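In what follows, a structure is listed as structure tokens, so that the remarks can point back to it.
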Amino acid sequence: MTPTDELRRVPGGRRRTVLISGASIAGPALAFWLNRYGFAVTVVEKAGALRAGGYPVDVRGTALDVVRRMGILPRLRDAHIDLRRLTFLDESGAEVASIAPHAVTGGVAGADLEVRRGALADALHSAVRDDVEFLFDDSIDTLDQHRHGVDVTFRRGGGRTFDLVVGADGLHSRTRGLVFGPEERFHRYLGYCFAGFTLPNTFGLVRETTLWNAPGRAAVLYAVEDGDDVHGFLNFARPQPPLDAFRNPAVQQDMVEAVFADAGWEVPGMLAAMRAADDLFFDVVSQIRMPRWADGRVALVGDAAYAPSFLTGQGSGLALVGAYMLAGSLAAERDHTAAFAAYERDSRPFVTLNQDLVGTGDALLFPTTARALEERNALLRGLAATPPATEGQPAHAALVLPEFAPTAALSSGRTDV
């Protein structure tokens, strides 16, 4: 038994228990750090297993420091996609500019990482799977908070009591809905819808992305490597979210086809591939903005609390950093109320700064008017000729990770505060 384990015990000699809902990015990262601080951790995940593959995600800035401290940085470097070119096309399919990806992302060439989401999830899971209980193919059904803990019932039956519960279950978090209320209270629609799917790589693309734009519409082909498939992505502006489409794939496909009916380039073939795809994913581009991230003994982390949208490129980064900050706060503070308050106080400025990146990312990737598109293309041509010099500290590196250490005050182990 470690000294940390002693500090994390409650009256009766047991370790303090935490249930985490979600085993994608934020959940396993939080489990890693909580286990290191001596908590007894259970992770419940509605999927039957870890999700492999997936779209690439960025790990940069402060998040790089998190994975370095976790010891998984070498593994992620091996999984680095090394995207080498980002090519923009106009409505006719003619090239506007071909640039290095970091010139758009604001990242640092040779330092930042881009990996498949599944590769990151697998690295996180592997780092903690021997020390943490994982319950796959299950989810939280009900939560009942009381003075001494949280009574949880599970979808597959049975119930247990935990000292704390953390929702790390994504943009459409069930944990958030059970404790904080309906998603629409916190959902900030950013004016776009998108459909993602895979299709055969008949384009000769290798480690590159090609993006076709018309006002308010974009088609993207993303080749992660020199494999047989590429990621297809169709994005379009829409003033209001299409509520009738969320649970109806046929409606989703019809909507996308109607929007892109007159589009040229490779779009007709992409529409046909969308119809045939078995992995179609449709959603709106949005953020989660909440006035608080904790209620009683339940807290949220990652997209469940502060999804920034893919326009920022910071979803996984915020999940990793948020998990580190939440676990450290729980280790350093006397009780969960103070810990949750410290987590929010110390993390929210970083979160808000990164969420506010949508003010620039959407204009660059998905201009909605002809004039905005012309201005964007002129900017891209300038970037291709002379990449911008880095000035100041980018948002994704704006937080210096603090060092956390369990406090001796925790030895009282009180759970009734």
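Ligands are numbered from 1 in the order shown, residues from 1 within each chain, and chains are lettered A, B, ... in the order they appear in the structure tokens.
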Selection near Ser286 of chain A, 12 Å with only C-alpha atoms, sequence-local residues under 3 positions removed, as a list in words
Leu171, His172, Glu183, Glu184, Phe186, His187, Arg188, Tyr189, Leu190, Gly191, Tyr192, Cys193, Phe194, Gln240, Pro241, Asp283, Arg289, Asp303, Tyr306, Ala307, Pro308, Ser309, Phe310, Leu311, Thr312, Gly315, Gln355, Val358 and Asp362 of chain A
Could you give me, as an NGL selection string, the residues within 9 Å of Val67 of chain A, counting only C-alpha atoms and dropping anything in the same chain fewer than 6 positions from it? :A and (29 or 59 or 73 or 76 or 124 or 320)
Atoms kept (N, CA, C and O atoms) for selection, written as a CSV table (one decimal), in the first residue's frame:
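As a result, result-v2.csv now contains:
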chain,number,residue,atom,x,y,z
A,29,ALA,N,-8.2,8.7,-19.3
A,29,ALA,CA,-7.2,9.6,-18.8
A,29,ALA,C,-7.5,9.9,-17.4
A,29,ALA,O,-6.6,9.9,-16.5
A,59,VAL,N,-3.1,16.2,-30.7
A,59,VAL,CA,-2.5,16.3,-29.3
A,59,VAL,C,-1.4,17.3,-29.4
A,59,VAL,O,-0.3,17.0,-30.0
A,73,LEU,N,3.7,9.0,-24.5
A,73,LEU,CA,4.1,9.8,-25.6
A,73,LEU,C,4.9,9.0,-26.7
A,73,LEU,O,4.6,9.2,-27.9
A,76,LEU,N,2.4,7.2,-28.8
A,76,LEU,CA,1.7,8.1,-29.7
A,76,LEU,C,2.5,8.6,-30.8
A,76,LEU,O,2.0,8.8,-31.9
A,124,LEU,N,-4.4,5.0,-24.0
A,124,LEU,CA,-4.9,5.4,-22.7
A,124,LEU,C,-5.4,4.2,-21.9
A,124,LEU,O,-5.1,4.0,-20.7
A,320,LEU,N,-7.9,15.6,-22.3
A,320,LEU,CA,-6.7,15.2,-21.6
A,320,LEU,C,-6.3,16.1,-20.5
A,320,LEU,O,-6.0,15.7,-19.4
Residue with the minimum atom-to-atom distance to Lys46 of chain A, picked from A:Asp122, A:Phe136, A:Trp33, A:Phe197 with only C-alpha atoms counted, is A:Phe136
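Interatomic distance, atom CA of Trp293 of chain A against atom CA of Gly313 of chain A: 21.5 Å.
Residues in contact with Arg174 of chain A at 9 Å, where only C-alpha atoms are counted and same-chain residues fewer than 2 positions away are skipped, are listed as Ser21, Ser139, Ile140, Asp141, Gly167, Asp169, Gly170, His172, Arg176, Gly177, Leu178, Val179 and Ala304 of chain A.
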Taking all heavy atoms for each residue, export the selection above as a PDB file, in the first residue's frame.
ATOM      1  N   SER A  21     -18.174   7.444 -16.311  1.00  0.00           N
ATOM      2  CA  SER A  21     -18.986   7.014 -17.446  1.00  0.00           C
ATOM      3  C   SER A  21     -18.305   7.473 -18.727  1.00  0.00           C
ATOM      4  O   SER A  21     -18.170   8.664 -18.977  1.00  0.00           O
ATOM      5  CB  SER A  21     -20.397   7.610 -17.358  1.00  0.00           C
ATOM      6  OG  SER A  21     -21.153   7.257 -18.498  1.00  0.00           O
ATOM      7  N   SER A 139     -24.109   0.895 -19.170  1.00  0.00           N
ATOM      8  CA  SER A 139     -24.157   2.346 -18.970  1.00  0.00           C
ATOM      9  C   SER A 139     -24.972   2.650 -17.726  1.00  0.00           C
ATOM     10  O   SER A 139     -25.660   1.775 -17.178  1.00  0.00           O
ATOM     11  CB  SER A 139     -24.786   3.045 -20.185  1.00  0.00           C
ATOM     12  OG  SER A 139     -26.105   2.582 -20.403  1.00  0.00           O
ATOM     13  N   ILE A 140     -24.880   3.897 -17.293  1.00  0.00           N
ATOM     14  CA  ILE A 140     -25.660   4.335 -16.133  1.00  0.00           C
ATOM     15  C   ILE A 140     -27.126   4.471 -16.529  1.00  0.00           C
ATOM     16  O   ILE A 140     -27.449   5.072 -17.543  1.00  0.00           O
ATOM     17  CB  ILE A 140     -25.132   5.686 -15.614  1.00  0.00           C
ATOM     18  CG1 ILE A 140     -23.704   5.523 -15.074  1.00  0.00           C
ATOM     19  CG2 ILE A 140     -26.038   6.252 -14.529  1.00  0.00           C
ATOM     20  CD1 ILE A 140     -23.041   6.847 -14.699  1.00  0.00           C
ATOM     21  N   ASP A 141     -27.986   3.895 -15.709  1.00  0.00           N
ATOM     22  CA  ASP A 141     -29.429   4.035 -15.925  1.00  0.00           C
ATOM     23  C   ASP A 141     -29.998   5.136 -15.037  1.00  0.00           C
ATOM     24  O   ASP A 141     -30.687   6.029 -15.511  1.00  0.00           O
ATOM     25  CB  ASP A 141     -30.138   2.709 -15.656  1.00  0.00           C
ATOM     26  CG  ASP A 141     -31.599   2.746 -16.073  1.00  0.00           C
ATOM     27  OD1 ASP A 141     -31.912   3.405 -17.091  1.00  0.00           O
ATOM     28  OD2 ASP A 141     -32.431   2.125 -15.381  1.00  0.00           O
ATOM     29  N   GLY A 167     -19.027  12.145 -15.302  1.00  0.00           N
ATOM     30  CA  GLY A 167     -19.483  11.943 -16.667  1.00  0.00           C
ATOM     31  C   GLY A 167     -18.395  12.333 -17.648  1.00  0.00           C
ATOM     32  O   GLY A 167     -18.017  13.508 -17.726  1.00  0.00           O
ATOM     33  N   ASP A 169     -18.787  11.125 -20.897  1.00  0.00           N
ATOM     34  CA  ASP A 169     -19.517  10.398 -21.934  1.00  0.00           C
ATOM     35  C   ASP A 169     -19.933  11.267 -23.112  1.00  0.00           C
ATOM     36  O   ASP A 169     -20.969  11.037 -23.737  1.00  0.00           O
ATOM     37  CB  ASP A 169     -20.724   9.659 -21.341  1.00  0.00           C
ATOM     38  CG  ASP A 169     -21.503  10.469 -20.314  1.00  0.00           C
ATOM     39  OD1 ASP A 169     -21.076  11.586 -19.970  1.00  0.00           O
ATOM     40  OD2 ASP A 169     -22.544   9.981 -19.844  1.00  0.00           O
ATOM     41  N   GLY A 170     -19.119  12.264 -23.418  1.00  0.00           N
ATOM     42  CA  GLY A 170     -19.233  12.933 -24.699  1.00  0.00           C
ATOM     43  C   GLY A 170     -20.237  14.049 -24.825  1.00  0.00           C
ATOM     44  O   GLY A 170     -20.934  14.428 -23.873  1.00  0.00           O
ATOM     45  N   HIS A 172     -23.126  14.273 -26.179  1.00  0.00           N
ATOM     46  CA  HIS A 172     -24.517  13.975 -25.855  1.00  0.00           C
ATOM     47  C   HIS A 172     -24.602  13.172 -24.550  1.00  0.00           C
ATOM     48  O   HIS A 172     -25.299  12.168 -24.461  1.00  0.00           O
ATOM     49  CB  HIS A 172     -25.169  13.226 -27.010  1.00  0.00           C
ATOM     50  CG  HIS A 172     -25.061  13.933 -28.323  1.00  0.00           C
ATOM     51  ND1 HIS A 172     -25.611  15.192 -28.537  1.00  0.00           N
ATOM     52  CD2 HIS A 172     -24.445  13.587 -29.487  1.00  0.00           C
ATOM     53  CE1 HIS A 172     -25.353  15.569 -29.786  1.00  0.00           C
ATOM     54  NE2 HIS A 172     -24.645  14.621 -30.378  1.00  0.00           N
ATOM     55  N   ARG A 176     -24.755  13.976 -17.898  1.00  0.00           N
ATOM     56  CA  ARG A 176     -25.142  15.387 -17.824  1.00  0.00           C
ATOM     57  C   ARG A 176     -26.650  15.532 -17.819  1.00  0.00           C
ATOM     58  O   ARG A 176     -27.225  16.319 -17.049  1.00  0.00           O
ATOM     59  CB  ARG A 176     -24.532  16.149 -18.994  1.00  0.00           C
ATOM     60  CG  ARG A 176     -24.771  17.672 -18.934  1.00  0.00           C
ATOM     61  CD  ARG A 176     -24.218  18.381 -20.164  1.00  0.00           C
ATOM     62  NE  ARG A 176     -24.868  17.914 -21.378  1.00  0.00           N
ATOM     63  CZ  ARG A 176     -24.219  17.470 -22.454  1.00  0.00           C
ATOM     64  NH1 ARG A 176     -22.900  17.428 -22.487  1.00  0.00           N
ATOM     65  NH2 ARG A 176     -24.885  17.041 -23.511  1.00  0.00           N
ATOM     66  N   GLY A 177     -27.325  14.775 -18.670  1.00  0.00           N
ATOM     67  CA  GLY A 177     -28.777  14.862 -18.729  1.00  0.00           C
ATOM     68  C   GLY A 177     -29.436  14.441 -17.435  1.00  0.00           C
ATOM     69  O   GLY A 177     -30.426  15.056 -17.002  1.00  0.00           O
ATOM     70  N   LEU A 178     -28.917  13.399 -16.786  1.00  0.00           N
ATOM     71  CA  LEU A 178     -29.513  12.905 -15.544  1.00  0.00           C
ATOM     72  C   LEU A 178     -29.360  13.892 -14.398  1.00  0.00           C
ATOM     73  O   LEU A 178     -30.244  14.007 -13.539  1.00  0.00           O
ATOM     74  CB  LEU A 178     -28.867  11.573 -15.154  1.00  0.00           C
ATOM     75  CG  LEU A 178     -29.219  10.351 -16.014  1.00  0.00           C
ATOM     76  CD1 LEU A 178     -28.332   9.172 -15.637  1.00  0.00           C
ATOM     77  CD2 LEU A 178     -30.697   9.985 -15.831  1.00  0.00           C
ATOM     78  N   VAL A 179     -28.240  14.609 -14.375  1.00  0.00           N
ATOM     79  CA  VAL A 179     -27.930  15.450 -13.221  1.00  0.00           C
ATOM     80  C   VAL A 179     -28.183  16.936 -13.477  1.00  0.00           C
ATOM     81  O   VAL A 179     -28.705  17.648 -12.605  1.00  0.00           O
ATOM     82  CB  VAL A 179     -26.457  15.237 -12.790  1.00  0.00           C
ATOM     83  CG1 VAL A 179     -26.091  16.162 -11.625  1.00  0.00           C
ATOM     84  CG2 VAL A 179     -26.229  13.778 -12.411  1.00  0.00           C
ATOM     85  N   ALA A 304     -18.366  16.193 -22.421  1.00  0.00           N
ATOM     86  CA  ALA A 304     -19.591  16.239 -21.626  1.00  0.00           C
ATOM     87  C   ALA A 304     -19.752  17.586 -20.938  1.00  0.00           C
ATOM     88  O   ALA A 304     -20.871  18.083 -20.759  1.00  0.00           O
ATOM     89  CB  ALA A 304     -19.588  15.120 -20.590  1.00  0.00           C
TER      90      ALA A 304
END
Pairwise distance, atom CA of Leu113 of chain A with atom CA of Leu64 of chain A, equals 8.1 Å
Using only C-alpha atoms, which residues sit within 10 Å of Arg51 of chain A once same-chain residues fewer than 6 positions away are excluded, as a PyMOL selection string?
-> chain A and resi 23-24+117-119+121-122
| In segment 142-389 of chain A, what's strand (DSSP E) per DSSP? Answer as a ChimeraX atom specification? | /A:142-146,149-154,159-162,164-167,187-200,208-214,217-223,229-237,281-288,294-295,298-300
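Residue nearest Ala277 of chain A, chosen from A:Ile81, A:Leu89, A:Ala52, A:Ala195 and counting only C-alpha atoms: A:Ala195.
Across A:Asp58, A:Glu344, A:Glu333, A:Asp262, the tightest approach to Leu120 of chain A is made by A:Asp58 when counting only C-alpha atoms.
Proximity to Tyr55 of chain A was assessed for A:Ala294, A:Val351, A:Ala40, A:Val115 counting only C-alpha atoms; the smallest distance is recorded for A:Val115.
The spacing separating atom CA of Ile72 of chain A from atom CA of Tyr343 of chain A amounts to 23.7 Å.
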Shortest contact to Phe404 of chain A, candidates A:Phe162, A:Phe88, A:Tyr324, A:Phe236, atoms counted only C-alpha atoms, goes to A:Tyr324
Would you list the contacts of Val206 of chain A as a list of chain:residue names, taking every protein, DNA or RNA residue within 10 Å and counting only C-alpha atoms, but skipping same-chain residues closer than 5 positions in sequence? A:Leu83, A:Arg84, A:Arg85, A:Asn201, A:Tyr222, A:Ala223, A:Val224, A:Glu225, A:Asp226, A:Gly227, A:Val230
Let's have the selection written as a PDB file, in the first residue's frame, with C-alpha atoms.
ATOM      1  CA  LEU A  83      -0.142  14.648 -42.409  1.00  0.00           C
ATOM      2  CA  ARG A  84       2.033  16.360 -44.984  1.00  0.00           C
ATOM      3  CA  ARG A  85      -0.199  18.498 -47.132  1.00  0.00           C
ATOM      4  CA  ASN A 201      -9.218   5.731 -51.913  1.00  0.00           C
ATOM      5  CA  TYR A 222      -8.727  12.879 -45.700  1.00  0.00           C
ATOM      6  CA  ALA A 223      -6.098  10.199 -46.363  1.00  0.00           C
ATOM      7  CA  VAL A 224      -4.621   9.122 -43.052  1.00  0.00           C
ATOM      8  CA  GLU A 225      -2.049   6.888 -44.732  1.00  0.00           C
ATOM      9  CA  ASP A 226      -1.504   5.136 -48.055  1.00  0.00           C
ATOM     10  CA  GLY A 227      -4.308   2.659 -47.397  1.00  0.00           C
ATOM     11  CA  VAL A 230     -10.078   7.639 -47.033  1.00  0.00           C
TER      12      VAL A 230
END
Find the nearest atom pair between each residue of segment 129-215 of chain A and segment 14-20 of chain A for residues within 10 Å, count only C-alpha atoms, give distances in Å to one decimal, sort rows by chain and ascending number, and present the table as JSON lines.
{"residue": "A:Glu133", "atom": "CA", "partner": "A:Leu19", "partner_atom": "CA", "distance": 9.5}
{"residue": "A:Phe134", "atom": "CA", "partner": "A:Ile20", "partner_atom": "CA", "distance": 9.5}
{"residue": "A:Ile140", "atom": "CA", "partner": "A:Leu19", "partner_atom": "CA", "distance": 9.7}
{"residue": "A:Gly149", "atom": "CA", "partner": "A:Thr17", "partner_atom": "CA", "distance": 9.3}
{"residue": "A:Val150", "atom": "CA", "partner": "A:Leu19", "partner_atom": "CA", "distance": 9.4}
{"residue": "A:Val152", "atom": "CA", "partner": "A:Leu19", "partner_atom": "CA", "distance": 9.1}
{"residue": "A:Arg160", "atom": "CA", "partner": "A:Leu19", "partner_atom": "CA", "distance": 9.7}
{"residue": "A:Thr161", "atom": "CA", "partner": "A:Thr17", "partner_atom": "CA", "distance": 8.5}
{"residue": "A:Phe162", "atom": "CA", "partner": "A:Thr17", "partner_atom": "CA", "distance": 5.3}
{"residue": "A:Asp163", "atom": "CA", "partner": "A:Thr17", "partner_atom": "CA", "distance": 5.2}
{"residue": "A:Leu164", "atom": "CA", "partner": "A:Val18", "partner_atom": "CA", "distance": 4.8}
{"residue": "A:Val165", "atom": "CA", "partner": "A:Leu19", "partner_atom": "CA", "distance": 4.7}
{"residue": "A:Val166", "atom": "CA", "partner": "A:Ile20", "partner_atom": "CA", "distance": 4.8}
{"residue": "A:Gly167", "atom": "CA", "partner": "A:Ile20", "partner_atom": "CA", "distance": 6.0}
{"residue": "A:Ala168", "atom": "CA", "partner": "A:Ile20", "partner_atom": "CA", "distance": 6.5}
{"residue": "A:Asp169", "atom": "CA", "partner": "A:Ile20", "partner_atom": "CA", "distance": 8.5}
{"residue": "A:Thr175", "atom": "CA", "partner": "A:Ile20", "partner_atom": "CA", "distance": 9.7}
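DSSP annotation of segment 209-297 of chain A from backbone atoms: helix (DSSP H, G or I) residues are A:Leu243, A:Asp244, A:Ala245, A:Pro249, A:Ala250, A:Val251, A:Gln252, A:Gln253, A:Asp254, A:Met255, A:Val256, A:Glu257, A:Ala258, A:Val259, A:Val267, A:Pro268, A:Gly269, A:Met270, A:Leu271, A:Ala272, A:Ala273, A:Met274, A:Arg275, A:Ala276.
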Residue selection dump (N, CA and C atoms) as a short mmCIF file (atom, residue, chain, number, x, y, z; two decimals), in the first residue's frame:
data_model
loop_
_atom_site.label_atom_id
_atom_site.label_comp_id
_atom_site.auth_asym_id
_atom_site.auth_seq_id
_atom_site.Cartn_x
_atom_site.Cartn_y
_atom_site.Cartn_z
N LEU A 243 -33.51 19.11 -36.32
CA LEU A 243 -33.88 18.22 -35.23
C LEU A 243 -34.53 16.93 -35.72
N ASP A 244 -35.20 16.98 -36.86
CA ASP A 244 -35.88 15.81 -37.37
C ASP A 244 -34.94 14.77 -37.97
N ALA A 245 -33.67 15.12 -38.12
CA ALA A 245 -32.73 14.23 -38.79
C ALA A 245 -31.88 13.41 -37.84
N PRO A 249 -31.43 8.08 -40.34
CA PRO A 249 -30.37 8.12 -41.35
C PRO A 249 -30.88 8.46 -42.75
N ALA A 250 -32.09 8.02 -43.10
CA ALA A 250 -32.62 8.33 -44.43
C ALA A 250 -32.82 9.82 -44.61
N VAL A 251 -33.34 10.48 -43.58
CA VAL A 251 -33.53 11.93 -43.63
C VAL A 251 -32.18 12.63 -43.72
N GLN A 252 -31.20 12.14 -42.99
CA GLN A 252 -29.86 12.72 -43.03
C GLN A 252 -29.29 12.66 -44.45
N GLN A 253 -29.36 11.50 -45.05
CA GLN A 253 -28.81 11.33 -46.39
C GLN A 253 -29.54 12.18 -47.41
N ASP A 254 -30.85 12.24 -47.30
CA ASP A 254 -31.63 13.06 -48.24
C ASP A 254 -31.25 14.53 -48.11
N MET A 255 -31.05 14.99 -46.89
CA MET A 255 -30.69 16.38 -46.66
C MET A 255 -29.33 16.70 -47.28
N VAL A 256 -28.35 15.83 -47.03
CA VAL A 256 -27.01 16.06 -47.57
C VAL A 256 -27.04 16.05 -49.10
N GLU A 257 -27.75 15.11 -49.68
CA GLU A 257 -27.83 15.03 -51.14
C GLU A 257 -28.48 16.27 -51.73
N ALA A 258 -29.50 16.80 -51.06
CA ALA A 258 -30.17 18.00 -51.56
C ALA A 258 -29.23 19.20 -51.53
N VAL A 259 -28.44 19.32 -50.46
CA VAL A 259 -27.52 20.45 -50.33
C VAL A 259 -26.43 20.41 -51.40
N VAL A 267 -17.64 15.33 -55.60
CA VAL A 267 -18.78 15.27 -54.69
C VAL A 267 -19.83 14.25 -55.12
N PRO A 268 -20.20 14.14 -56.41
CA PRO A 268 -21.20 13.12 -56.77
C PRO A 268 -20.79 11.71 -56.33
N GLY A 269 -19.53 11.37 -56.52
CA GLY A 269 -19.06 10.06 -56.07
C GLY A 269 -19.09 9.93 -54.56
N MET A 270 -18.81 11.03 -53.85
CA MET A 270 -18.87 10.99 -52.38
C MET A 270 -20.30 10.77 -51.91
N LEU A 271 -21.26 11.38 -52.59
CA LEU A 271 -22.66 11.17 -52.21
C LEU A 271 -23.07 9.72 -52.40
N ALA A 272 -22.63 9.11 -53.50
CA ALA A 272 -22.94 7.70 -53.72
C ALA A 272 -22.29 6.83 -52.65
N ALA A 273 -21.05 7.17 -52.27
CA ALA A 273 -20.36 6.41 -51.23
C ALA A 273 -21.04 6.58 -49.88
N MET A 274 -21.57 7.77 -49.63
CA MET A 274 -22.30 8.00 -48.38
C MET A 274 -23.50 7.07 -48.28
N ARG A 275 -24.22 6.90 -49.38
CA ARG A 275 -25.38 6.02 -49.39
C ARG A 275 -24.99 4.58 -49.09
N ALA A 276 -23.81 4.18 -49.53
CA ALA A 276 -23.38 2.79 -49.36
C ALA A 276 -22.62 2.55 -48.06
#
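Nearest residue to Thr87 of chain A among A:Phe32, A:Phe260, A:Trp212, A:Phe282 is A:Trp212, counting only C-alpha atoms.
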